[in-house]
$ cat query_0.cif   # mmCIF, C-alpha atoms
data_structure
loop_
_atom_site.label_atom_id
_atom_site.label_comp_id
_atom_site.auth_asym_id
_atom_site.auth_seq_id
_atom_site.Cartn_x
_atom_site.Cartn_y
_atom_site.Cartn_z
CA MET A 1 -29.24 -7.27 5.17
CA HIS A 2 -25.54 -6.53 4.88
CA ALA A 3 -24.19 -2.99 5.19
CA VAL A 4 -20.99 -1.10 5.86
CA LYS A 5 -20.86 1.44 8.67
CA VAL A 6 -18.71 4.56 8.37
CA ASN A 7 -18.40 7.89 10.15
CA SER A 8 -20.29 10.50 8.11
CA LYS A 9 -17.19 12.67 7.60
CA ASN A 10 -15.47 9.77 5.79
CA ALA A 11 -18.52 8.50 3.91
CA GLU A 12 -18.00 9.94 0.42
CA PRO A 13 -14.95 7.88 -0.69
CA VAL A 14 -16.67 4.73 0.60
CA ARG A 15 -19.86 5.54 -1.33
CA LEU A 16 -17.92 6.21 -4.53
CA TYR A 17 -15.96 2.96 -4.18
CA LEU A 18 -19.11 0.88 -3.63
CA LYS A 19 -20.88 2.56 -6.55
CA LYS A 20 -17.98 2.24 -8.99
CA HIS A 21 -17.56 -1.45 -8.24
CA ALA A 22 -21.26 -2.31 -8.39
CA MET A 23 -21.43 -3.31 -4.72
CA LEU A 24 -23.96 -0.72 -3.52
CA ASP A 25 -27.51 -2.09 -3.18
CA ILE A 26 -29.54 0.72 -4.77
CA LYS A 27 -32.84 -1.04 -4.06
CA HIS A 28 -32.46 -0.08 -0.39
CA LYS A 29 -31.95 3.30 1.19
CA VAL A 30 -28.79 4.59 2.80
CA ILE A 31 -29.41 4.97 6.53
CA ARG A 32 -28.09 7.85 8.64
CA SER A 33 -27.93 7.44 12.41
CA ASN A 34 -26.22 9.92 14.72
CA SER A 35 -22.77 10.52 13.21
CA PHE A 36 -22.71 7.29 11.16
CA ILE A 37 -23.87 6.29 7.70
CA TYR A 38 -24.88 2.74 6.76
CA PHE A 39 -24.47 1.81 3.09
CA PRO A 40 -26.50 -1.25 2.04
CA VAL A 41 -24.39 -3.68 -0.01
CA LEU A 42 -25.26 -6.64 -2.17
CA SER A 43 -23.41 -9.38 -0.28
CA ALA A 44 -21.27 -10.27 2.71
CA ASP A 45 -18.27 -10.40 0.35
CA ALA A 46 -18.90 -6.79 -0.71
CA ALA A 47 -19.01 -5.71 2.93
CA ALA A 48 -15.79 -7.60 3.67
CA GLU A 49 -14.01 -5.97 0.73
CA ALA A 50 -15.07 -2.48 1.83
CA VAL A 51 -13.81 -3.13 5.35
CA HIS A 52 -10.55 -4.46 3.88
CA VAL A 53 -10.00 -1.44 1.64
CA PHE A 54 -11.11 1.25 4.12
CA LYS A 55 -9.89 -0.29 7.37
CA SER A 56 -7.73 2.75 8.12
CA ILE A 57 -10.76 5.05 8.40
CA GLY A 58 -12.78 2.72 10.60
CA VAL A 59 -15.26 1.11 8.19
CA GLU A 60 -17.13 -1.79 9.82
CA LYS A 61 -19.43 -4.57 8.67
CA SER A 62 -22.97 -4.20 9.97
CA LYS A 63 -26.50 -5.52 9.72
CA ILE A 64 -29.45 -3.21 9.09
CA LYS A 65 -33.17 -3.50 8.62
CA PRO A 66 -33.74 -2.88 4.89
CA VAL A 67 -35.60 0.25 3.84
CA VAL A 68 -36.73 -0.05 0.24
CA SER A 69 -35.61 2.67 -2.17
CA ARG A 70 -37.73 4.09 -4.95
CA ALA A 71 -35.07 3.07 -7.43
CA ASN A 72 -36.59 0.48 -9.76
CA SER A 73 -33.52 -0.40 -11.79
CA ASN A 74 -30.89 -2.51 -10.12
CA TYR A 75 -27.87 -3.58 -12.12
CA ARG A 76 -27.71 -7.10 -10.76
CA ASP A 77 -31.43 -7.71 -11.12
CA ILE A 78 -31.34 -6.57 -14.73
CA LEU A 79 -28.23 -8.63 -15.38
CA ARG A 80 -29.78 -11.73 -13.85
CA LYS A 81 -32.79 -11.40 -16.16
CA LYS A 82 -30.58 -10.92 -19.23
CA LEU A 83 -28.21 -13.80 -18.49
CA GLY A 84 -30.24 -16.37 -16.60
CA GLU A 85 -28.05 -19.35 -15.67
CA GLU A 86 -24.94 -17.56 -16.94
CA TYR A 87 -25.36 -14.80 -14.36
CA ALA A 88 -23.04 -16.22 -11.69
CA ASP A 89 -20.04 -16.24 -14.06
CA ALA A 90 -20.68 -12.72 -15.29
CA VAL A 91 -20.78 -10.59 -12.17
CA LYS A 92 -17.26 -9.25 -11.71
CA GLY A 93 -18.11 -5.60 -11.20
CA PHE A 94 -16.99 -2.73 -13.41
CA ASP A 95 -15.17 0.59 -13.28
CA ILE A 96 -16.67 3.89 -14.41
CA LEU A 97 -14.37 6.56 -15.82
CA GLY A 98 -16.88 9.33 -16.39
CA ASN A 99 -18.49 8.57 -19.74
CA ILE A 100 -16.83 5.15 -20.08
CA ALA A 101 -17.57 1.94 -18.20
CA ILE A 102 -14.95 -0.80 -18.30
CA ILE A 103 -16.14 -4.36 -17.75
CA ASP A 104 -14.28 -7.61 -17.20
CA ALA A 105 -16.32 -10.19 -19.10
CA GLU A 106 -16.21 -13.05 -21.55
CA PRO A 107 -16.86 -11.85 -25.13
CA ALA A 108 -20.07 -13.89 -25.43
CA LEU A 109 -21.62 -12.14 -22.41
CA ALA A 110 -20.17 -8.67 -22.86
CA ARG A 111 -23.02 -7.11 -24.86
CA ARG A 112 -25.72 -8.06 -22.37
CA ILE A 113 -23.58 -6.93 -19.42
CA ALA A 114 -22.94 -3.62 -21.21
CA GLU A 115 -26.68 -3.10 -21.67
CA ALA A 116 -27.26 -3.63 -17.94
CA VAL A 117 -24.48 -1.20 -17.06
CA MET A 118 -25.87 1.51 -19.33
CA GLU A 119 -29.44 1.01 -18.12
CA THR A 120 -28.40 1.68 -14.52
CA ASN A 121 -25.74 4.38 -15.05
CA ARG A 122 -27.03 7.33 -17.04
CA SER A 123 -23.63 9.02 -17.23
CA VAL A 124 -22.16 6.07 -19.16
CA SER A 125 -22.28 6.45 -22.94
CA THR A 126 -19.59 3.89 -23.82
CA VAL A 127 -18.79 0.40 -22.57
CA LEU A 128 -15.40 -1.21 -23.18
CA ARG A 129 -14.19 -4.70 -22.28
CA LYS A 130 -10.76 -5.56 -20.90
CA SER A 131 -9.08 -7.70 -23.57
CA GLY A 132 -5.60 -8.06 -22.13
CA ALA A 133 -3.54 -7.73 -18.99
CA VAL A 134 -1.62 -4.63 -17.95
CA HIS A 135 1.73 -4.87 -19.73
CA GLY A 136 4.88 -3.01 -20.73
CA THR A 137 6.85 -0.13 -19.30
CA TYR A 138 3.84 2.17 -19.43
CA ARG A 139 1.45 -0.38 -17.84
CA THR A 140 -1.15 -0.02 -20.59
CA ARG A 141 -3.97 -2.44 -21.38
CA ARG A 142 -5.91 -3.46 -24.50
CA TYR A 143 -9.65 -2.76 -24.61
CA THR A 144 -12.41 -3.87 -26.97
CA TYR A 145 -15.42 -1.71 -27.82
CA VAL A 146 -18.71 -3.28 -26.70
CA ALA A 147 -21.58 -0.79 -26.77
CA GLY A 148 -22.65 2.86 -26.98
CA LYS A 149 -20.60 5.62 -28.55
CA ARG A 150 -17.40 4.28 -30.10
CA THR A 151 -14.68 6.16 -28.24
CA TYR A 152 -11.72 5.46 -26.00
CA MET A 153 -11.46 9.00 -24.63
CA ALA A 154 -12.50 9.18 -20.99
CA ASP A 155 -13.82 12.44 -19.54
CA TYR A 156 -13.56 11.75 -15.84
CA THR A 157 -14.01 13.96 -12.77
CA GLU A 158 -12.60 12.97 -9.39
CA ASN A 159 -12.35 15.00 -6.18
CA GLY A 160 -12.96 18.17 -8.17
CA ALA A 161 -10.31 17.45 -10.82
CA ARG A 162 -11.33 16.84 -14.44
CA LEU A 163 -9.15 14.50 -16.49
CA ILE A 164 -9.39 13.66 -20.20
CA PHE A 165 -7.32 10.81 -21.64
CA ASP A 166 -7.29 7.79 -23.96
CA VAL A 167 -7.68 4.71 -21.75
CA ARG A 168 -5.60 2.59 -24.17
CA LYS A 169 -2.50 4.77 -24.02
CA THR A 170 -1.86 5.30 -20.32
CA PHE A 171 -2.35 3.59 -16.97
CA PHE A 172 -5.16 4.98 -14.84
CA SER A 173 -7.06 3.48 -11.90
CA CYS A 174 -10.18 5.03 -10.41
CA ARG A 175 -9.59 2.72 -7.43
CA LEU A 176 -6.91 5.12 -6.21
CA SER A 177 -9.40 7.98 -5.85
CA PHE A 178 -9.41 7.78 -2.06
CA GLU A 179 -5.60 7.82 -1.95
CA ARG A 180 -5.44 10.87 -4.17
CA SER A 181 -7.97 12.66 -1.97
CA ARG A 182 -6.16 11.60 1.21
CA ILE A 183 -2.76 12.82 0.10
CA SER A 184 -4.08 16.08 -1.35
CA ARG A 185 -5.59 16.88 2.08
CA LEU A 186 -2.22 16.25 3.75
CA SER A 187 -0.46 18.86 1.65
CA ARG A 188 -0.35 22.21 3.43
CA GLY A 189 1.47 25.49 3.10
CA ARG A 190 4.25 26.40 0.71
CA GLU A 191 5.65 22.91 0.33
CA ASN A 192 7.45 21.46 -2.67
CA VAL A 193 5.96 18.20 -3.94
CA ILE A 194 7.34 15.70 -6.43
CA VAL A 195 4.99 13.16 -8.00
CA MET A 196 6.88 10.37 -9.73
CA PHE A 197 5.15 8.26 -12.42
CA ALA A 198 2.54 11.03 -12.67
CA GLY A 199 0.53 9.61 -15.59
CA VAL A 200 -2.12 12.04 -16.84
CA GLY A 201 -1.76 14.08 -13.66
CA PRO A 202 -4.35 12.95 -11.08
CA PHE A 203 -2.15 13.04 -7.97
CA ALA A 204 -0.36 16.23 -9.01
CA ILE A 205 -3.48 18.13 -10.08
CA GLU A 206 -5.52 17.14 -7.01
CA ILE A 207 -2.70 18.21 -4.68
CA ALA A 208 -2.31 21.49 -6.57
CA LYS A 209 -6.06 22.23 -6.50
CA HIS A 210 -6.29 21.53 -2.78
CA ASN A 211 -3.16 23.48 -1.90
CA SER A 212 -2.64 26.45 -4.20
CA SER A 213 0.51 27.40 -2.25
CA ALA A 214 2.26 24.13 -3.13
CA LYS A 215 4.77 23.86 -5.95
CA VAL A 216 4.20 20.49 -7.63
CA VAL A 217 6.58 18.75 -10.06
CA ALA A 218 4.98 15.86 -11.97
CA ILE A 219 7.37 13.45 -13.72
CA GLU A 220 6.17 11.08 -16.45
CA LEU A 221 8.04 8.92 -18.96
CA ASN A 222 5.14 8.00 -21.27
CA GLY A 223 5.01 10.61 -24.03
CA TYR A 224 1.24 10.33 -24.54
CA ALA A 225 0.50 10.57 -20.81
CA TYR A 226 2.80 13.59 -20.53
CA LYS A 227 0.92 15.44 -23.30
CA ALA A 228 -2.45 14.50 -21.77
CA MET A 229 -1.21 15.77 -18.40
CA LEU A 230 -0.29 19.13 -19.96
CA GLY A 231 -3.84 19.36 -21.29
CA ASN A 232 -5.31 18.42 -17.92
CA ILE A 233 -3.17 21.02 -16.14
CA ARG A 234 -4.59 23.68 -18.46
CA LEU A 235 -8.11 22.30 -18.09
CA ASN A 236 -7.94 22.52 -14.30
CA LYS A 237 -6.01 25.83 -14.29
CA THR A 238 -3.43 24.38 -11.92
CA THR A 239 -0.58 26.69 -12.79
CA ASN A 240 1.36 25.47 -9.76
CA VAL A 241 2.02 22.11 -11.47
CA ALA A 242 5.16 21.74 -13.61
CA ALA A 243 5.03 18.67 -15.86
CA VAL A 244 8.39 17.08 -16.70
CA LYS A 245 8.85 14.38 -19.34
CA GLY A 246 11.46 11.79 -18.48
CA ASP A 247 12.62 8.91 -16.33
CA ALA A 248 12.09 9.74 -12.64
CA GLY A 249 15.44 8.18 -11.78
CA LYS A 250 17.26 10.59 -14.08
CA VAL A 251 15.08 13.67 -13.56
CA ALA A 252 15.78 13.46 -9.82
CA GLU A 253 19.27 14.80 -10.44
CA LYS A 254 17.72 18.13 -11.47
CA TYR A 255 15.73 18.40 -8.23
CA LYS A 256 18.28 17.62 -5.54
CA ASN A 257 17.15 18.57 -2.03
CA PHE A 258 13.91 20.03 -3.45
CA ALA A 259 11.00 18.05 -2.03
CA ASP A 260 9.09 18.35 1.22
CA ARG A 261 6.79 15.56 -0.02
CA ILE A 262 7.25 12.77 -2.60
CA VAL A 263 4.54 10.52 -4.07
CA MET A 264 5.68 7.18 -5.56
CA PRO A 265 2.59 5.43 -7.05
CA LEU A 266 4.36 2.63 -8.94
CA PRO A 267 3.67 -0.41 -6.75
CA LYS A 268 5.53 -2.90 -8.93
CA ASP A 269 8.85 -1.05 -9.18
CA SER A 270 8.96 1.81 -6.67
CA SER A 271 11.85 0.21 -4.78
CA ALA A 272 14.11 0.83 -7.79
CA PHE A 273 13.56 4.59 -7.37
CA LEU A 274 14.33 4.96 -3.68
CA GLY A 275 17.74 6.41 -4.50
CA ALA A 276 16.09 9.00 -6.73
CA ALA A 277 13.62 9.86 -3.97
CA LEU A 278 16.47 10.33 -1.51
CA ALA A 279 18.25 12.65 -3.95
CA CYS A 280 15.10 14.80 -4.34
CA ALA A 281 14.30 14.93 -0.64
CA LYS A 282 15.01 17.89 1.58
CA LYS A 283 16.71 17.31 4.92
CA ARG A 284 13.31 16.17 6.20
CA CYS A 285 10.79 14.77 3.73
CA THR A 286 7.49 12.86 3.77
CA VAL A 287 7.16 10.02 1.25
CA HIS A 288 4.08 8.10 0.11
CA TYR A 289 5.39 4.77 -1.14
CA TYR A 290 3.21 2.16 -2.91
CA ALA A 291 4.00 -1.54 -3.21
CA PHE A 292 2.44 -4.90 -4.02
CA VAL A 293 2.92 -7.29 -1.10
CA ASP A 294 1.80 -10.69 0.10
CA ILE A 295 -1.29 -10.31 2.26
CA ASP A 296 0.41 -12.25 5.08
CA LYS A 297 3.26 -10.24 6.62
CA GLY A 298 4.13 -8.61 3.28
CA ALA A 299 3.76 -5.12 4.73
CA GLU A 300 6.22 -5.93 7.52
CA ARG A 301 8.76 -7.22 5.03
CA CYS A 302 8.28 -4.12 2.87
CA ILE A 303 8.96 -1.83 5.83
CA GLU A 304 12.01 -3.89 6.82
CA GLY A 305 13.36 -3.42 3.28
CA LEU A 306 12.79 0.33 3.42
CA ASP A 307 14.43 0.57 6.83
CA SER A 308 17.45 -1.37 5.60
CA PHE A 309 17.81 0.87 2.53
CA PHE A 310 17.72 4.16 4.43
CA LYS A 311 20.00 2.93 7.17
CA SER A 312 22.54 2.01 4.49
CA LYS A 313 22.36 5.62 3.30
CA GLY A 314 22.85 7.06 6.76
CA CYS A 315 19.28 8.38 7.06
CA ARG A 316 16.73 8.20 9.81
CA PHE A 317 13.50 6.54 8.74
CA ARG A 318 10.12 6.60 10.51
CA VAL A 319 6.82 5.10 9.36
CA THR A 320 3.79 7.28 10.09
CA LYS A 321 1.06 5.23 8.42
CA THR A 322 0.49 1.97 6.58
CA ARG A 323 -2.76 0.99 4.90
CA ILE A 324 -4.08 -1.47 2.36
CA VAL A 325 -5.10 0.44 -0.76
CA ARG A 326 -6.87 -2.35 -2.65
CA PRO A 327 -6.88 -6.09 -3.27
CA TYR A 328 -4.79 -6.96 -6.34
CA ALA A 329 -4.73 -10.76 -6.59
CA PRO A 330 -5.97 -13.62 -4.37
CA LYS A 331 -2.99 -13.36 -2.00
CA THR A 332 -1.62 -9.97 -3.02
CA VAL A 333 -2.62 -6.46 -2.00
CA GLU A 334 -1.41 -2.98 -2.85
CA ILE A 335 -0.32 -1.03 0.21
CA VAL A 336 0.88 2.49 0.85
CA VAL A 337 3.54 3.25 3.41
CA ASP A 338 3.77 6.88 4.54
CA PHE A 339 7.15 7.60 6.06
CA ILE A 340 9.50 10.42 6.95
CA ILE A 341 13.17 10.40 6.07
CA GLU A 342 15.65 12.66 7.79
CA LYS A 343 19.03 13.11 6.21
CA THR A 344 22.03 13.17 8.51
CA ALA A 345 25.42 14.70 7.87
CA SER A 346 26.71 11.36 6.61
CA SER A 347 23.84 10.59 4.27
CA LYS A 348 25.08 12.77 1.37
CA SER A 349 28.30 10.83 1.01
CA ARG A 350 26.46 7.47 1.07
CA ARG A 351 23.72 8.34 -1.41
CA GLY A 352 23.48 6.33 -4.63
#

$ encode --input "query_0.cif" --output "structure tokens"
Amino acid sequence: MHAVKVNSKNAEPVRLYLKKHAMLDIKHKVIRSNSFIYFPVLSADAAAEAVHVFKSIGVEKSKIKPVVSRANSNYRDILRKKLGEEYADAVKGFDILGNIAIIDAEPALARRIAEAVMETNRSVSTVLRKSGAVHGTYRTRRYTYVAGKRTYMADYTENGARLIFDVRKTFFSCRLSFERSRISRLSRGRENVIVMFAGVGPFAIEIAKHNSSAKVVAIELNGYAYKAMLGNIRLNKTTNVAAVKGDAGKVAEKYKNFADRIVMPLPKDSSAFLGAALACAKKRCTVHYYAFVDIDKGAERCIEGLDSFFKSKGCRFRVTKTRIVRPYAPKTVEIVVDFIIEKTASSKSRRG
């Protein structure tokens, strides 16, 4: 059977990803051998996606001899029984945000899919269906209630941070959980961090919880998300996070030469805020920059664009890491580029 192989120290984010996206085969046991863990998955495609997403931490496709689990309720088995011939068109996976599961399904099939989700995930008390694409300045999406308790308020815990928010009023992706964990572990010492496009606070709060010596500024334009972030800061007792409401491009003027680290999780439009990031950066600053790119050579073109921008501003620019964060469309992926910028004497006069 198909499995993904990962070093045990990196296993948790892989397990969470497979579970959240209904790719983990719970009918078979997870196998531990030496320093590696083998997660059984439902198909070769699931294994390929995991390798694609977690390539940077050495996840590999593997074959294992199946060991049957005691679990007697498998989501896909239940779904196949409920849907019969319609099954093949229904299985698109789902996301779990604590108490809420979000499915991508045709209206006619949604109720039966929701029942299967709730039967196999005891923490889920509400199922919603995506009923529109991400749209607008705030990247929100419409959802339709399907089953369970009628609510749109998610109570979600990730990497030790608890977040409460209305899924209709702000953008949030649980598929960035590994990135948030990764970056929070990179933050050390008494560094100043700016998180642009902070949403309800996941990046900022996770960094602050991991590094209590950091001073984190979280900037968010969406009024609802800003208020939810204030509540989440209180909930997590992260007093080292300062939430700021406003446009990151304009707020940057108030934080000139402030940041040791900048997080830019707006893959569609981050390039428009590079000038703001440069204004915020100290003489030497680490930046985590997200972008949507073509799967073929898109990352190279993205880095060339960044290099051209910083050279035009008289700054040194050095990439330290590039990784694919997640698939986005058939030929498009979201990537993160970690890089260091070093301001030179001439860079101040060229900024803008």

$ resolve_selection --input "query_0.cif" --expression "the PyMOL selection byres ((chain A and resi 146) around 8)" --output "list in words"
Ala110, Arg111, Ala114, Thr126, Val127, Leu128, Arg129, Thr144, Tyr145, Ala147 and Gly148 of chain A

$ resolve_selection --input "query_0.cif" --expression "the PyMOL selection byres ((chain A and resi 3-14) around 7)" --output "VMD selection string"
chain A and resid 1 to 2 15 to 18 35 to 41 47 58 to 64 178

$ atom_distance --input "query_0.cif" --atom1 "CA of Gly199 (chain A)" --atom2 "CA of Leu274 (chain A)"
18.8 Å

$ resolve_selection --input "query_0.cif" --expression "the PyMOL selection byres ((chain A and resi 243) around 9)" --output "ChimeraX atom specification"
/A:198,201,216-220,226,229-230,233,241-242,244-245

$ atom_distance --input "query_0.cif" --atom1 "CA of Arg182 (chain A)" --atom2 "CA of Ser125 (chain A)"
29.5 Å

$ residues_around --input "query_0.cif" --residues "Asp338 (chain A)" --least-positions-apart "4" --cutoff "6 Å" --atoms "all atoms listed in the file" --output "ChimeraX atom specification"
/A:287-288,319-321

$ closest_residue --input "query_0.cif" --among "A:Thr332, A:Asn192, A:Asn232, A:Thr170" --to "Val134 (chain A)" --atoms "all atoms listed in the file"
A:Thr170

$ closest_residue --input "query_0.cif" --among "A:Gly275, A:Gly298, A:Gly249, A:Pro202" --to "Arg323 (chain A)" --atoms "all atoms listed in the file"
A:Gly298

$ atom_distance --input "query_0.cif" --atom1 "CA of Ser312 (chain A)" --atom2 "CA of Ala276 (chain A)"
14.7 Å

$ closest_residue --input "query_0.cif" --among "A:Asn34, A:Ser184, A:Asn222, A:Thr238" --to "Val263 (chain A)" --atoms "all atoms listed in the file"
A:Ser184

$ residues_near_point --input "query_0.cif" --point "(-31.0, 8.4, 1.6)" --cutoff "10 Å" --atoms "all atoms listed in the file" --output "PyMOL selection string"
chain A and resi 28-32+37-39+67+69

$ residues_around --input "query_0.cif" --residues "Ile341 (chain A)" --least-positions-apart "6" --cutoff "9 Å" --atoms "only C-alpha atoms" --output "list in words"
Leu278, Ala281, Lys282, Lys283, Arg284, Cys285, Thr286, Val287, Phe310, Cys315, Arg316, Phe317, Arg318 and Val319 of chain A

$ residues_near_point --input "query_0.cif" --point "(-6.9, -2.7, -0.2)" --cutoff "7 Å" --atoms "all atoms listed in the file" --output "count of residues only"
9

$ closest_residue --input "query_0.cif" --among "A:Lys268, A:Phe54, A:Asn240, A:Lys19" --to "His210 (chain A)" --atoms "only C-alpha atoms"
A:Asn240

$ residues_around --input "query_0.cif" --residues "Cys280 (chain A)" --least-positions-apart "2" --cutoff "9 Å" --atoms "all atoms listed in the file" --output "PyMOL selection string"
chain A and resi 194+252-260+262+275-278+282

$ residues_around --input "query_0.cif" --residues "Pro265 (chain A)" --least-positions-apart "6" --cutoff "10 Å" --atoms "all atoms listed in the file" --output "ChimeraX atom specification"
/A:176,179,195-199,203,288-291,336

$ residues_around --input "query_0.cif" --residues "Ser187 (chain A)" --least-positions-apart "3" --cutoff "7 Å" --atoms "all atoms listed in the file" --output "PyMOL selection string"
chain A and resi 183-184+207+211
